[in-house]
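Chemist: Attaching a single structure in structure tokens format; questions to follow.
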Amino acid sequence: MKINKYLLYTLLLGGTMLVPSCSDSFLDQPPQGSYSAASLANLKGIEGLLIGAYSNLDGSWFQDWGNNHFNQHGGASNWVLGSIRGADAYKGTEPSDGVDINPIERHEVTPANGIIREKWVGCYDGIGRVNETMRVLAQATDLSDGDRARISGECRFLRGHYHFEAVKVFGNAPYVDETITDFPAVKNDHMIWSEIEDDFKYAYDNLPGTQTAPGRANKWAAASYLAKVYMYQGKWSDAKALFDQIVANGTTAAGAKYALNANYYENFASEKENGNTESIFAVENSAYDGSIANGNYENTLNVPHGSAARTSCCGFFQPSQFLVNSFKTVNGLPMLDNFNDVDVVSDEGLSSDDPFTPDAGEFDPRLDHTVGRRGIQYLDWGPHPGNLWIRQVQNGGPYSPKKNVPSFAEFDNGLGGVIDWGFVSTSQNVQIIRYSDVLLLAAEAEAELGNTAKALEYVNMVRNRAANPESVVKFADGTPCANYSVQPYAAFASQAEAIKAVRFERMLELGMEGQRFFDLTRWDNLSKAGKTAVSFDAIAYLNTYLSHEQIKRIHLAGAVFTEKYKLLPIPESVITQSTVNGVRNIEQNPGF
């Protein structure tokens with residue numbers, strides 16, 4: 001039974017650097033490089049443990065090439081679990097590469113899938129690190145009251161984050177705090193919203209408005225996360241109360257100063273991260289600082305592929321035609337109902353030397369900050385050459401990802417580069433919550449409460465930033481790459497129109513940021529619970545997407561989205577390890 005408890009611990013809570021301070025035999029000697037709890041029960045030791053808890057935000061234990069926990073799927077970017085499942089993107093590359101993603105994209109995943117196990121381990125290893133920090137914190141005597149409150153607040157924030165990630169993906173995930181030691185007995189018998197709320201409330205009450213160290217959670221990050229948790233439950237008034245404070249207090253001298261960046265692209269440029277007023281909470285990354293693990297390797301495979309590109313790996317995470325079509329505008333406004341009726345013209349089916357003219361239609365410029373398409377300037381790499389940068393067009397389509405790809409300037413100034421066998425390591429942060437996300441959630445809460453004028457104000461703040469002429473994509477000679485047109489909404493004629501517009505705006509603003517699937521299922525769940533003024537059917541939405549896309553994407557032929565795939569199955573190894581004396585404590589999600 002001892003080995004089973006250990007295996008469940010690694011699956012449920014992850015590893016720990018702490019070991020007992022004494023041992024009964026030579027077989028129990030602490031491994032080299034480990035520390036006892038007593039030796040860490042001081043400010044320096046606890047800060048080190050806390051940094052370890054933050055480091056798990058990327059969801060991996062990867063430290064060097066000999067570590068077999070290298071992955072891109074356990075962290076907070078959710079490009080597989082949130083974007084590929086949410087109609088934003090295809091897996092890309094080839095069917096034989098990243099084979100565990102294929103059934104996730106087709107909504108055929110089973111509990112044996114390695115990627116869902118990585119996500120589970122990423123969440124619960126982070127929770128385990130937080131809880132170890134809190135246990136050692138309780139033993140420390142040299143901390144000031146201020147340090148103790150701040151560290152406790154950061155711990156509770158991170159624990160809330162990791163549990164929230166688990167709930168978004170797995171539904172009835174177990175809640176584990178620092179008092180739990182009998183890990184196989186942990187149950188997942190209820191939704192843990194109240195426990196997550198308590199963690200974020202504590203963080204909100206105890207964290208300062210600003211932090212001196214980069215990457216640390218502050219009061220307003222906790223408020224934003226708590227409000228988002230309320231949104232998942234349809235607690236519109238509770239969410240609005242927090243959003244009001246974030247917008248009012250988060251932009252004053254009393255708290256962190258948040259505002260939309262002047263230009264949309266600044267959210268995705270490493271050199272613009274210092275002083276970024278839009279980032280509320282992000283995973284901090286760095287490159288070439290002596291550790292491979294500190295780079296943004298969640299997105300290392302998601303760059304143009306081929307000898308014509310500066311990178312040679314790997315062509316994953318390609319934008320969907322559905323997403324590209326959503327950026328079409330008429331008189332500066334999105335085509336909410338019929339955007340997907342006619343595809344934006346692409347070069348699919350052409351050879352690389354065939355003449356091609358980009359679609360002359362009217363577009364939201366966020367299209368070309370999100371998607372690399374032939375003939376359009378691609379960062380400072382030059383115009384996108386089409387198929388020369390695509391690994392397999394018939395599988396992944398004609399488009400390249402753009403938001404997470406470093407510019408040539410970033411390659412040259414040490415903020416990113418090709419390492420080892422060809423993948424790209426960058427210092428670009430993974431944005432978990434940014435101000436435009438908060439504004440659109442606030443707009444949604446206001447619309448659900450019938451405050452359409454306030455919803456209009458928030459939505460138009462986001463749209464007006466997108467319309468900034470300095471923010472459009474331009475060729476090297478300074479001319480715009482396409483016919484860009486974005487206008488604010490004049491008014492919302494009804495509550496239903498406001499809600500519909502907000503939901504669509506989230507796709508435009510947050511495209512390929514790992515959020516869309518969770519929005520779709522959130523609205524679906526709220527509809528079924530009778531908590532939204534405008535019903536939404538995620539099953540119909542995603543099946544409409546699949547039926548259109550599978551005409552060109554052969555790998556999606558026959559794919560169907562059903563109710564059970566709103567959640568992913570709990571890894572079968574976790575179910576096995578939680579069975580004690582024939583009693584199963586972790587129950588599988590329905591249908592798996």
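Quick note on naming: the chains in the structure tokens go A, B, ... in the order shown, residues restart at 1 in each chain, and ligands are numbered from 1 in order of appearance.
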From a DSSP pass on the backbone, collect the residues of segment 276-350 of chain A flagged as strand (DSSP E) and hand them back as number ranges by chain.

Modeler: A: 279-283, 316-319, 329-330, 333-334

Chemist: Suppose we keep N, CA and C atoms; can you now write the selection as a short mmCIF file (atom, residue, chain, number, x, y, z; two decimals), in the first residue's frame?

Modeler:
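Result file result.cif:
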data_model
loop_
_atom_site.label_atom_id
_atom_site.label_comp_id
_atom_site.auth_asym_id
_atom_site.auth_seq_id
_atom_site.Cartn_x
_atom_site.Cartn_y
_atom_site.Cartn_z
N SER A 279 -1.38 43.62 -18.45
CA SER A 279 -1.18 42.32 -17.83
C SER A 279 -1.56 42.37 -16.36
N ILE A 280 -2.57 41.61 -15.98
CA ILE A 280 -3.00 41.53 -14.58
C ILE A 280 -2.33 40.36 -13.89
N PHE A 281 -2.25 39.22 -14.57
CA PHE A 281 -1.48 38.10 -14.05
C PHE A 281 -0.99 37.27 -15.21
N ALA A 282 0.30 36.93 -15.19
CA ALA A 282 0.90 36.18 -16.28
C ALA A 282 1.95 35.23 -15.73
N VAL A 283 2.24 34.18 -16.50
CA VAL A 283 3.36 33.30 -16.20
C VAL A 283 4.61 33.97 -16.72
N PHE A 316 2.86 23.17 -35.04
CA PHE A 316 1.65 22.91 -34.28
C PHE A 316 0.79 24.18 -34.15
N PHE A 317 -0.48 23.98 -33.75
CA PHE A 317 -1.37 25.06 -33.32
C PHE A 317 -1.62 26.07 -34.44
N GLN A 318 -2.25 25.58 -35.52
CA GLN A 318 -2.53 26.46 -36.66
C GLN A 318 -3.94 27.03 -36.56
N PRO A 319 -4.11 28.31 -36.89
CA PRO A 319 -5.43 28.94 -36.80
C PRO A 319 -6.45 28.25 -37.70
N THR A 329 -15.55 42.13 -41.31
CA THR A 329 -16.41 43.21 -40.83
C THR A 329 -17.21 43.80 -41.99
N VAL A 330 -18.30 44.44 -41.63
CA VAL A 330 -19.11 45.24 -42.56
C VAL A 330 -19.34 46.59 -41.90
N LEU A 333 -18.14 46.69 -38.28
CA LEU A 333 -18.75 45.85 -37.25
C LEU A 333 -18.68 44.38 -37.64
N PRO A 334 -18.58 43.48 -36.67
CA PRO A 334 -18.48 42.05 -36.98
C PRO A 334 -19.77 41.50 -37.57
#

Chemist: Within 10 Å of Ala533 of chain A, counting only C-alpha atoms, which residues show up once you throw out same-chain ones fewer than 6 positions away? Write them as a list in words, please.

Modeler: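 The neighbour list is Ala447, Glu448, Leu449, Gly450, Gln495, Ala496, Ile499, Leu526 and Ser527 of chain A.
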
Chemist: What gap, in Å, lies between atom CA of Trp220 of chain A and atom CA of Met507 of chain A?

Modeler: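 Distance reported for this atom pair: 24.0 Å.
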
Chemist: Can you tell me which residues surround segment 189-203 of chain A at a distance of at most 10 Å, considering only C-alpha atoms, apart from same-chain residues fewer than 2 positions away, and format the answer as a PyMOL selection string?

Modeler: chain A and resi 149-164+167+171-177+186-187+205-208+217-227+229-230+232-233+585-587

Chemist: Separation of atom CA of Ala490 of chain A and atom CA of Phe518 of chain A, in Å?

Modeler: 29.0 Å

Chemist: Among segment 215-294 of chain A, which ones does DSSP place in helix (DSSP H, G or I), written as a VMD selection string?

Modeler: chain A and resid 219 to 233 236 to 249 264 to 268 270 to 272 292 to 294

Chemist: Could you write out the selected residues, including N, CA, C and O atoms, as a compact mmCIF listing (two decimals), in the first residue's frame?

Modeler:
# COMPACT_ATOMS: atom_id res chain seq x y z
N LYS A 219 -3.43 42.13 -5.13
CA LYS A 219 -4.84 42.21 -4.73
C LYS A 219 -5.78 42.19 -5.93
O LYS A 219 -6.83 41.53 -5.92
N TRP A 220 -5.40 42.90 -6.99
CA TRP A 220 -6.29 43.05 -8.13
C TRP A 220 -6.30 41.81 -9.02
O TRP A 220 -7.30 41.51 -9.67
N ALA A 221 -5.20 41.07 -9.03
CA ALA A 221 -5.20 39.78 -9.71
C ALA A 221 -6.15 38.83 -9.00
O ALA A 221 -6.91 38.09 -9.64
N ALA A 222 -6.13 38.85 -7.66
CA ALA A 222 -7.04 38.00 -6.89
C ALA A 222 -8.50 38.41 -7.12
O ALA A 222 -9.39 37.56 -7.27
N ALA A 223 -8.76 39.72 -7.17
CA ALA A 223 -10.12 40.20 -7.42
C ALA A 223 -10.59 39.77 -8.80
O ALA A 223 -11.75 39.35 -8.98
N SER A 224 -9.71 39.86 -9.80
CA SER A 224 -10.07 39.47 -11.16
C SER A 224 -10.40 37.99 -11.24
O SER A 224 -11.37 37.57 -11.89
N TYR A 225 -9.59 37.19 -10.58
CA TYR A 225 -9.82 35.75 -10.60
C TYR A 225 -11.10 35.38 -9.85
O TYR A 225 -11.89 34.54 -10.31
N LEU A 226 -11.33 36.01 -8.71
CA LEU A 226 -12.55 35.74 -7.95
C LEU A 226 -13.78 36.12 -8.77
O LEU A 226 -14.77 35.38 -8.81
N ALA A 227 -13.72 37.26 -9.45
CA ALA A 227 -14.83 37.67 -10.30
C ALA A 227 -15.06 36.67 -11.43
O ALA A 227 -16.21 36.37 -11.79
N LYS A 228 -13.98 36.12 -11.97
CA LYS A 228 -14.12 35.12 -13.04
C LYS A 228 -14.78 33.86 -12.51
O LYS A 228 -15.60 33.24 -13.19
N VAL A 229 -14.42 33.46 -11.29
CA VAL A 229 -15.06 32.30 -10.66
C VAL A 229 -16.56 32.55 -10.50
O VAL A 229 -17.39 31.67 -10.73
N TYR A 230 -16.92 33.78 -10.11
CA TYR A 230 -18.35 34.13 -10.01
C TYR A 230 -19.03 34.02 -11.38
O TYR A 230 -20.18 33.57 -11.47
N MET A 231 -18.33 34.43 -12.43
CA MET A 231 -18.92 34.38 -13.77
C MET A 231 -19.24 32.94 -14.18
O MET A 231 -20.24 32.69 -14.85
N TYR A 232 -18.41 32.00 -13.79
CA TYR A 232 -18.66 30.60 -14.12
C TYR A 232 -19.92 30.08 -13.44
O TYR A 232 -20.50 29.10 -13.90
N GLN A 233 -20.31 30.72 -12.36
CA GLN A 233 -21.49 30.27 -11.64
C GLN A 233 -22.73 31.14 -11.90
O GLN A 233 -23.79 30.89 -11.33
N TRP A 236 -23.86 37.11 -11.23
CA TRP A 236 -23.60 38.35 -11.96
C TRP A 236 -23.38 39.55 -11.04
O TRP A 236 -22.46 40.34 -11.27
N SER A 237 -24.19 39.69 -10.02
CA SER A 237 -24.07 40.85 -9.12
C SER A 237 -22.77 40.80 -8.33
O SER A 237 -22.10 41.83 -8.14
N ASP A 238 -22.39 39.62 -7.85
CA ASP A 238 -21.12 39.47 -7.13
C ASP A 238 -19.95 39.82 -8.04
O ASP A 238 -18.99 40.49 -7.63
N ALA A 239 -20.02 39.33 -9.28
CA ALA A 239 -18.94 39.62 -10.23
C ALA A 239 -18.88 41.12 -10.53
O ALA A 239 -17.81 41.72 -10.55
N LYS A 240 -20.03 41.73 -10.77
CA LYS A 240 -20.07 43.16 -11.09
C LYS A 240 -19.45 44.00 -9.97
O LYS A 240 -18.69 44.94 -10.23
N ALA A 241 -19.76 43.66 -8.72
CA ALA A 241 -19.22 44.42 -7.59
C ALA A 241 -17.69 44.42 -7.61
O ALA A 241 -17.05 45.44 -7.34
N LEU A 242 -17.10 43.28 -7.95
CA LEU A 242 -15.64 43.21 -8.03
C LEU A 242 -15.11 43.92 -9.26
O LEU A 242 -14.10 44.63 -9.18
N PHE A 243 -15.77 43.74 -10.39
CA PHE A 243 -15.31 44.43 -11.60
C PHE A 243 -15.35 45.94 -11.41
O PHE A 243 -14.45 46.66 -11.88
N ASP A 244 -16.36 46.44 -10.73
CA ASP A 244 -16.42 47.88 -10.45
C ASP A 244 -15.19 48.34 -9.69
O ASP A 244 -14.61 49.40 -9.97
N GLN A 245 -14.77 47.53 -8.71
CA GLN A 245 -13.59 47.90 -7.91
C GLN A 245 -12.31 47.78 -8.73
O GLN A 245 -11.41 48.62 -8.60
N ILE A 246 -12.23 46.76 -9.56
CA ILE A 246 -11.02 46.58 -10.37
C ILE A 246 -10.84 47.76 -11.31
O ILE A 246 -9.75 48.33 -11.45
N VAL A 247 -11.93 48.14 -11.97
CA VAL A 247 -11.85 49.26 -12.93
C VAL A 247 -11.59 50.57 -12.20
O VAL A 247 -10.76 51.38 -12.63
N ALA A 248 -12.26 50.79 -11.05
CA ALA A 248 -12.12 52.05 -10.33
C ALA A 248 -10.83 52.11 -9.53
O ALA A 248 -10.04 53.06 -9.65
N ASN A 249 -10.57 51.11 -8.71
CA ASN A 249 -9.41 51.14 -7.82
C ASN A 249 -8.15 50.63 -8.48
O ASN A 249 -7.05 51.02 -8.11
N TYR A 264 -2.66 46.76 -29.74
CA TYR A 264 -3.03 45.38 -29.44
C TYR A 264 -1.81 44.46 -29.40
O TYR A 264 -1.69 43.61 -28.51
N TYR A 265 -0.88 44.63 -30.35
CA TYR A 265 0.24 43.71 -30.48
C TYR A 265 1.19 43.76 -29.29
O TYR A 265 1.99 42.83 -29.09
N GLU A 266 1.13 44.81 -28.49
CA GLU A 266 2.04 44.92 -27.36
C GLU A 266 1.81 43.83 -26.32
O GLU A 266 2.68 43.57 -25.49
N ASN A 267 0.63 43.20 -26.36
CA ASN A 267 0.37 42.10 -25.43
C ASN A 267 1.17 40.85 -25.75
O ASN A 267 1.24 39.94 -24.92
N PHE A 268 1.77 40.79 -26.94
CA PHE A 268 2.41 39.56 -27.40
C PHE A 268 3.86 39.78 -27.81
O PHE A 268 4.41 38.98 -28.57
N SER A 270 7.72 40.35 -26.33
CA SER A 270 8.54 40.25 -25.12
C SER A 270 9.15 41.57 -24.72
O SER A 270 9.24 41.91 -23.53
N GLU A 271 9.56 42.37 -25.72
CA GLU A 271 10.23 43.63 -25.40
C GLU A 271 9.26 44.67 -24.83
O GLU A 271 9.69 45.70 -24.33
N LYS A 272 7.95 44.40 -24.92
CA LYS A 272 6.95 45.33 -24.40
C LYS A 272 6.42 44.92 -23.03
O LYS A 272 5.54 45.60 -22.48
N ILE A 292 16.96 26.12 -19.21
CA ILE A 292 15.99 25.90 -20.28
C ILE A 292 14.58 26.04 -19.74
O ILE A 292 13.67 26.52 -20.41
N ALA A 293 14.40 25.61 -18.48
CA ALA A 293 13.05 25.55 -17.90
C ALA A 293 12.39 26.90 -17.76
O ALA A 293 11.18 26.98 -17.60
N ASN A 294 13.16 27.97 -17.79
CA ASN A 294 12.59 29.30 -17.58
C ASN A 294 12.01 29.92 -18.86
O ASN A 294 11.39 30.97 -18.80

Chemist: Write out as JSON, numbers by chain the residues lying within 8 Å of Phe408 of chain A, counting only C-alpha atoms and excluding same-chain residues fewer than 5 positions away.

Modeler: {"A": [379, 380, 381]}

Chemist: For the selection just defined, write its residues with C-alpha atoms to a file, as a PDB file, in the first residue's frame.

Modeler:
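Final file, result-v4.pdb:
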ATOM      1  CA  LEU A 379       6.014  40.331 -37.537  1.00  0.00           C
ATOM      2  CA  ASP A 380       9.382  41.578 -38.877  1.00  0.00           C
ATOM      3  CA  TRP A 381      10.019  38.353 -40.790  1.00  0.00           C
TER       4      TRP A 381
END

Chemist: Compare A:Glu444, A:Asp97, A:Asp359, A:Glu132 by their minimum atom-to-atom distance to Gly48 of chain A, counting only C-alpha atoms, and give me the closest one.

Modeler: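 Of the candidates, the smallest distance to Gly48 of chain A is held by A:Glu132.
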
Chemist: Which residue gives the smallest distance to Glu362 of chain A among A:Leu336, A:Ala37, A:Leu439, A:Val486, with only C-alpha atoms counted?

Modeler: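 Going through A:Leu336, A:Ala37, A:Leu439, A:Val486 one by one, the smallest distance to Glu362 of chain A is for A:Val486.
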
Chemist: Which residues are close to Val393 of chain A, i.e. within 12 Å by only C-alpha atoms, leaving aside same-chain residues fewer than 4 positions away? Reply as a PyMOL selection string.

Modeler: chain A and resi 90-95+305+315-316+318-320+346-352+386-389+397-400+552-555

Chemist: Go ahead and dump the residues you just picked, N, CA, C and O atoms, as a tab-separated table (two decimals), in the first residue's frame.

Modeler:
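selection-v6.tsv written:
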chain	number	residue	atom	x	y	z
A	90	TYR	N	-6.54	24.34	-35.25
A	90	TYR	CA	-6.30	22.93	-35.47
A	90	TYR	C	-5.03	22.54	-34.71
A	90	TYR	O	-4.19	23.37	-34.40
A	91	LYS	N	-4.89	21.25	-34.51
A	91	LYS	CA	-3.63	20.77	-33.94
A	91	LYS	C	-2.47	21.16	-34.84
A	91	LYS	O	-1.40	21.53	-34.37
A	92	GLY	N	-2.70	21.07	-36.16
A	92	GLY	CA	-1.64	21.42	-37.09
A	92	GLY	C	-0.66	20.28	-37.31
A	92	GLY	O	-0.97	19.12	-37.03
A	93	THR	N	0.50	20.60	-37.81
A	93	THR	CA	1.59	19.68	-38.13
A	93	THR	C	1.05	18.49	-38.93
A	93	THR	O	0.30	18.66	-39.88
A	94	GLU	N	1.42	17.26	-38.57
A	94	GLU	CA	1.02	16.06	-39.29
A	94	GLU	C	0.26	15.11	-38.36
A	94	GLU	O	0.46	15.14	-37.14
A	95	PRO	N	-0.57	14.22	-38.91
A	95	PRO	CA	-1.30	13.29	-38.04
A	95	PRO	C	-0.39	12.42	-37.18
A	95	PRO	O	-0.76	12.03	-36.08
A	305	HIS	N	7.04	26.43	-39.75
A	305	HIS	CA	7.86	25.25	-39.99
A	305	HIS	C	8.43	25.28	-41.41
A	305	HIS	O	7.75	25.68	-42.34
A	315	GLY	N	5.33	23.49	-36.34
A	315	GLY	CA	4.11	23.62	-37.10
A	315	GLY	C	2.84	23.23	-36.38
A	315	GLY	O	1.81	23.01	-37.01
A	316	PHE	N	2.86	23.17	-35.04
A	316	PHE	CA	1.65	22.91	-34.28
A	316	PHE	C	0.79	24.18	-34.15
A	316	PHE	O	1.27	25.29	-34.36
A	318	GLN	N	-2.25	25.58	-35.52
A	318	GLN	CA	-2.53	26.46	-36.66
A	318	GLN	C	-3.94	27.03	-36.56
A	318	GLN	O	-4.89	26.33	-36.21
A	319	PRO	N	-4.11	28.31	-36.89
A	319	PRO	CA	-5.43	28.94	-36.80
A	319	PRO	C	-6.45	28.25	-37.70
A	319	PRO	O	-6.14	27.84	-38.82
A	320	SER	N	-7.68	28.14	-37.23
A	320	SER	CA	-8.74	27.52	-38.02
A	320	SER	C	-9.31	28.52	-39.01
A	320	SER	O	-9.24	29.74	-38.81
A	346	SER	N	-7.95	32.09	-49.20
A	346	SER	CA	-6.61	31.69	-48.77
A	346	SER	C	-5.88	31.08	-49.97
A	346	SER	O	-6.45	30.95	-51.06
A	347	ASP	N	-4.65	30.69	-49.75
A	347	ASP	CA	-3.86	30.11	-50.84
A	347	ASP	C	-3.90	28.60	-50.82
A	347	ASP	O	-3.10	27.95	-51.50
A	348	GLU	N	-4.84	28.02	-50.06
A	348	GLU	CA	-4.90	26.57	-49.99
A	348	GLU	C	-5.14	25.99	-51.38
A	348	GLU	O	-6.02	26.43	-52.12
A	349	GLY	N	-4.36	24.96	-51.72
A	349	GLY	CA	-4.48	24.33	-53.03
A	349	GLY	C	-3.51	24.89	-54.05
A	349	GLY	O	-3.34	24.31	-55.13
A	350	LEU	N	-2.89	26.03	-53.73
A	350	LEU	CA	-1.90	26.61	-54.65
A	350	LEU	C	-0.51	26.13	-54.28
A	350	LEU	O	-0.23	25.80	-53.13
A	351	SER	N	0.36	26.12	-55.24
A	351	SER	CA	1.76	25.85	-54.94
A	351	SER	C	2.41	27.14	-54.46
A	351	SER	O	1.85	28.23	-54.60
A	352	SER	N	3.59	27.01	-53.90
A	352	SER	CA	4.24	28.17	-53.29
A	352	SER	C	4.60	29.25	-54.31
A	352	SER	O	4.72	30.43	-53.95
A	386	GLY	N	3.21	31.68	-47.29
A	386	GLY	CA	2.22	30.63	-47.51
A	386	GLY	C	2.76	29.24	-47.23
A	386	GLY	O	3.36	29.00	-46.18
A	387	ASN	N	2.59	28.33	-48.16
A	387	ASN	CA	2.88	26.92	-47.93
A	387	ASN	C	4.33	26.63	-47.54
A	387	ASN	O	4.61	25.58	-46.94
A	388	LEU	N	5.23	27.52	-47.88
A	388	LEU	CA	6.63	27.31	-47.52
A	388	LEU	C	6.83	27.28	-46.00
A	388	LEU	O	7.83	26.73	-45.52
A	389	TRP	N	5.90	27.86	-45.26
A	389	TRP	CA	6.00	27.86	-43.81
A	389	TRP	C	5.00	26.90	-43.15
A	389	TRP	O	4.87	26.88	-41.94
A	397	GLY	N	-4.10	23.22	-42.55
A	397	GLY	CA	-4.58	24.44	-43.18
A	397	GLY	C	-3.47	25.38	-43.58
A	397	GLY	O	-2.29	25.13	-43.33
A	398	PRO	N	-3.82	26.52	-44.18
A	398	PRO	CA	-2.84	27.41	-44.79
A	398	PRO	C	-2.31	28.52	-43.88
A	398	PRO	O	-1.56	29.38	-44.35
A	399	TYR	N	-2.69	28.52	-42.60
A	399	TYR	CA	-2.36	29.66	-41.73
A	399	TYR	C	-1.34	29.27	-40.65
A	399	TYR	O	-1.27	28.12	-40.22
A	400	SER	N	-0.60	30.28	-40.18
A	400	SER	CA	0.37	30.09	-39.10
A	400	SER	C	-0.07	30.84	-37.85
A	400	SER	O	-0.72	31.89	-37.94
A	552	LYS	N	-12.67	20.44	-45.61
A	552	LYS	CA	-11.29	20.62	-46.06
A	552	LYS	C	-10.29	19.88	-45.17
A	552	LYS	O	-9.25	19.44	-45.64
A	553	ARG	N	-10.58	19.78	-43.89
A	553	ARG	CA	-9.66	19.13	-42.97
A	553	ARG	C	-10.06	17.67	-42.82
A	553	ARG	O	-10.94	17.31	-42.03
A	554	ILE	N	-9.38	16.81	-43.57
A	554	ILE	CA	-9.73	15.39	-43.61
A	554	ILE	C	-9.63	14.76	-42.23
A	554	ILE	O	-10.41	13.86	-41.89
A	555	HIS	N	-8.71	15.24	-41.41
A	555	HIS	CA	-8.53	14.62	-40.09
A	555	HIS	C	-9.73	14.86	-39.18
A	555	HIS	O	-9.86	14.20	-38.15

Chemist: Select, from A:Glu457, A:His107, A:Ala501, A:Leu508, the residue with the minimum atom-to-atom distance to Ala557 of chain A, counting only C-alpha atoms.

Modeler: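 Among the listed residues, the smallest separation from Ala557 of chain A belongs to A:His107.
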
Chemist: What's around Gly122 of chain A at 6 Å? Count only C-alpha atoms, leave out sequence neighbours fewer than 3 positions away in its own chain, and write the answer as a PyMOL selection string.

Modeler: chain A and resi 59+74+118-119+125

Chemist: Taking into account only C-alpha atoms, which residue in the set A:Leu323, A:Asp337, A:Cys481, A:Thr179 is nearest to Tyr378 of chain A?

Modeler: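 Closest residue, counting only C-alpha atoms: A:Cys481.
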
Chemist: Set the distance at 8 Å and use only C-alpha atoms: which residues neighbour Gln515 of chain A once local chain neighbours fewer than 4 positions away are removed? I'd like the list as a PDB file with N, CA, C and O atoms, in the first residue's frame.

Modeler:
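around-v6.pdb written:
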ATOM      1  N   ASN A  78      -3.133  26.504 -22.256  1.00  0.00           N
ATOM      2  CA  ASN A  78      -4.307  25.747 -22.694  1.00  0.00           C
ATOM      3  C   ASN A  78      -4.525  25.783 -24.200  1.00  0.00           C
ATOM      4  O   ASN A  78      -5.656  25.770 -24.676  1.00  0.00           O
ATOM      5  N   GLY A  82      -8.036  24.466 -24.617  1.00  0.00           N
ATOM      6  CA  GLY A  82      -8.943  25.593 -24.715  1.00  0.00           C
ATOM      7  C   GLY A  82      -9.151  26.126 -26.114  1.00  0.00           C
ATOM      8  O   GLY A  82     -10.236  26.588 -26.447  1.00  0.00           O
ATOM      9  N   SER A  83      -8.117  26.069 -26.953  1.00  0.00           N
ATOM     10  CA  SER A  83      -8.234  26.618 -28.309  1.00  0.00           C
ATOM     11  C   SER A  83      -8.548  25.553 -29.349  1.00  0.00           C
ATOM     12  O   SER A  83      -9.457  25.710 -30.160  1.00  0.00           O
ATOM     13  N   GLY A  86     -11.874  24.474 -28.939  1.00  0.00           N
ATOM     14  CA  GLY A  86     -12.836  25.562 -28.964  1.00  0.00           C
ATOM     15  C   GLY A  86     -13.040  26.226 -30.304  1.00  0.00           C
ATOM     16  O   GLY A  86     -13.580  27.323 -30.363  1.00  0.00           O
ATOM     17  N   LEU A 510      -9.585  37.496 -27.832  1.00  0.00           N
ATOM     18  CA  LEU A 510      -8.811  36.468 -27.129  1.00  0.00           C
ATOM     19  C   LEU A 510      -8.537  35.260 -28.007  1.00  0.00           C
ATOM     20  O   LEU A 510      -8.221  34.183 -27.498  1.00  0.00           O
ATOM     21  N   GLY A 511      -8.637  35.422 -29.318  1.00  0.00           N
ATOM     22  CA  GLY A 511      -8.421  34.313 -30.229  1.00  0.00           C
ATOM     23  C   GLY A 511      -7.066  33.665 -30.043  1.00  0.00           C
ATOM     24  O   GLY A 511      -6.046  34.320 -29.920  1.00  0.00           O
ATOM     25  N   ASP A 519     -15.148  29.285 -22.487  1.00  0.00           N
ATOM     26  CA  ASP A 519     -16.270  30.218 -22.627  1.00  0.00           C
ATOM     27  C   ASP A 519     -17.506  29.491 -23.155  1.00  0.00           C
ATOM     28  O   ASP A 519     -18.617  29.666 -22.649  1.00  0.00           O
TER      29      ASP A 519
END
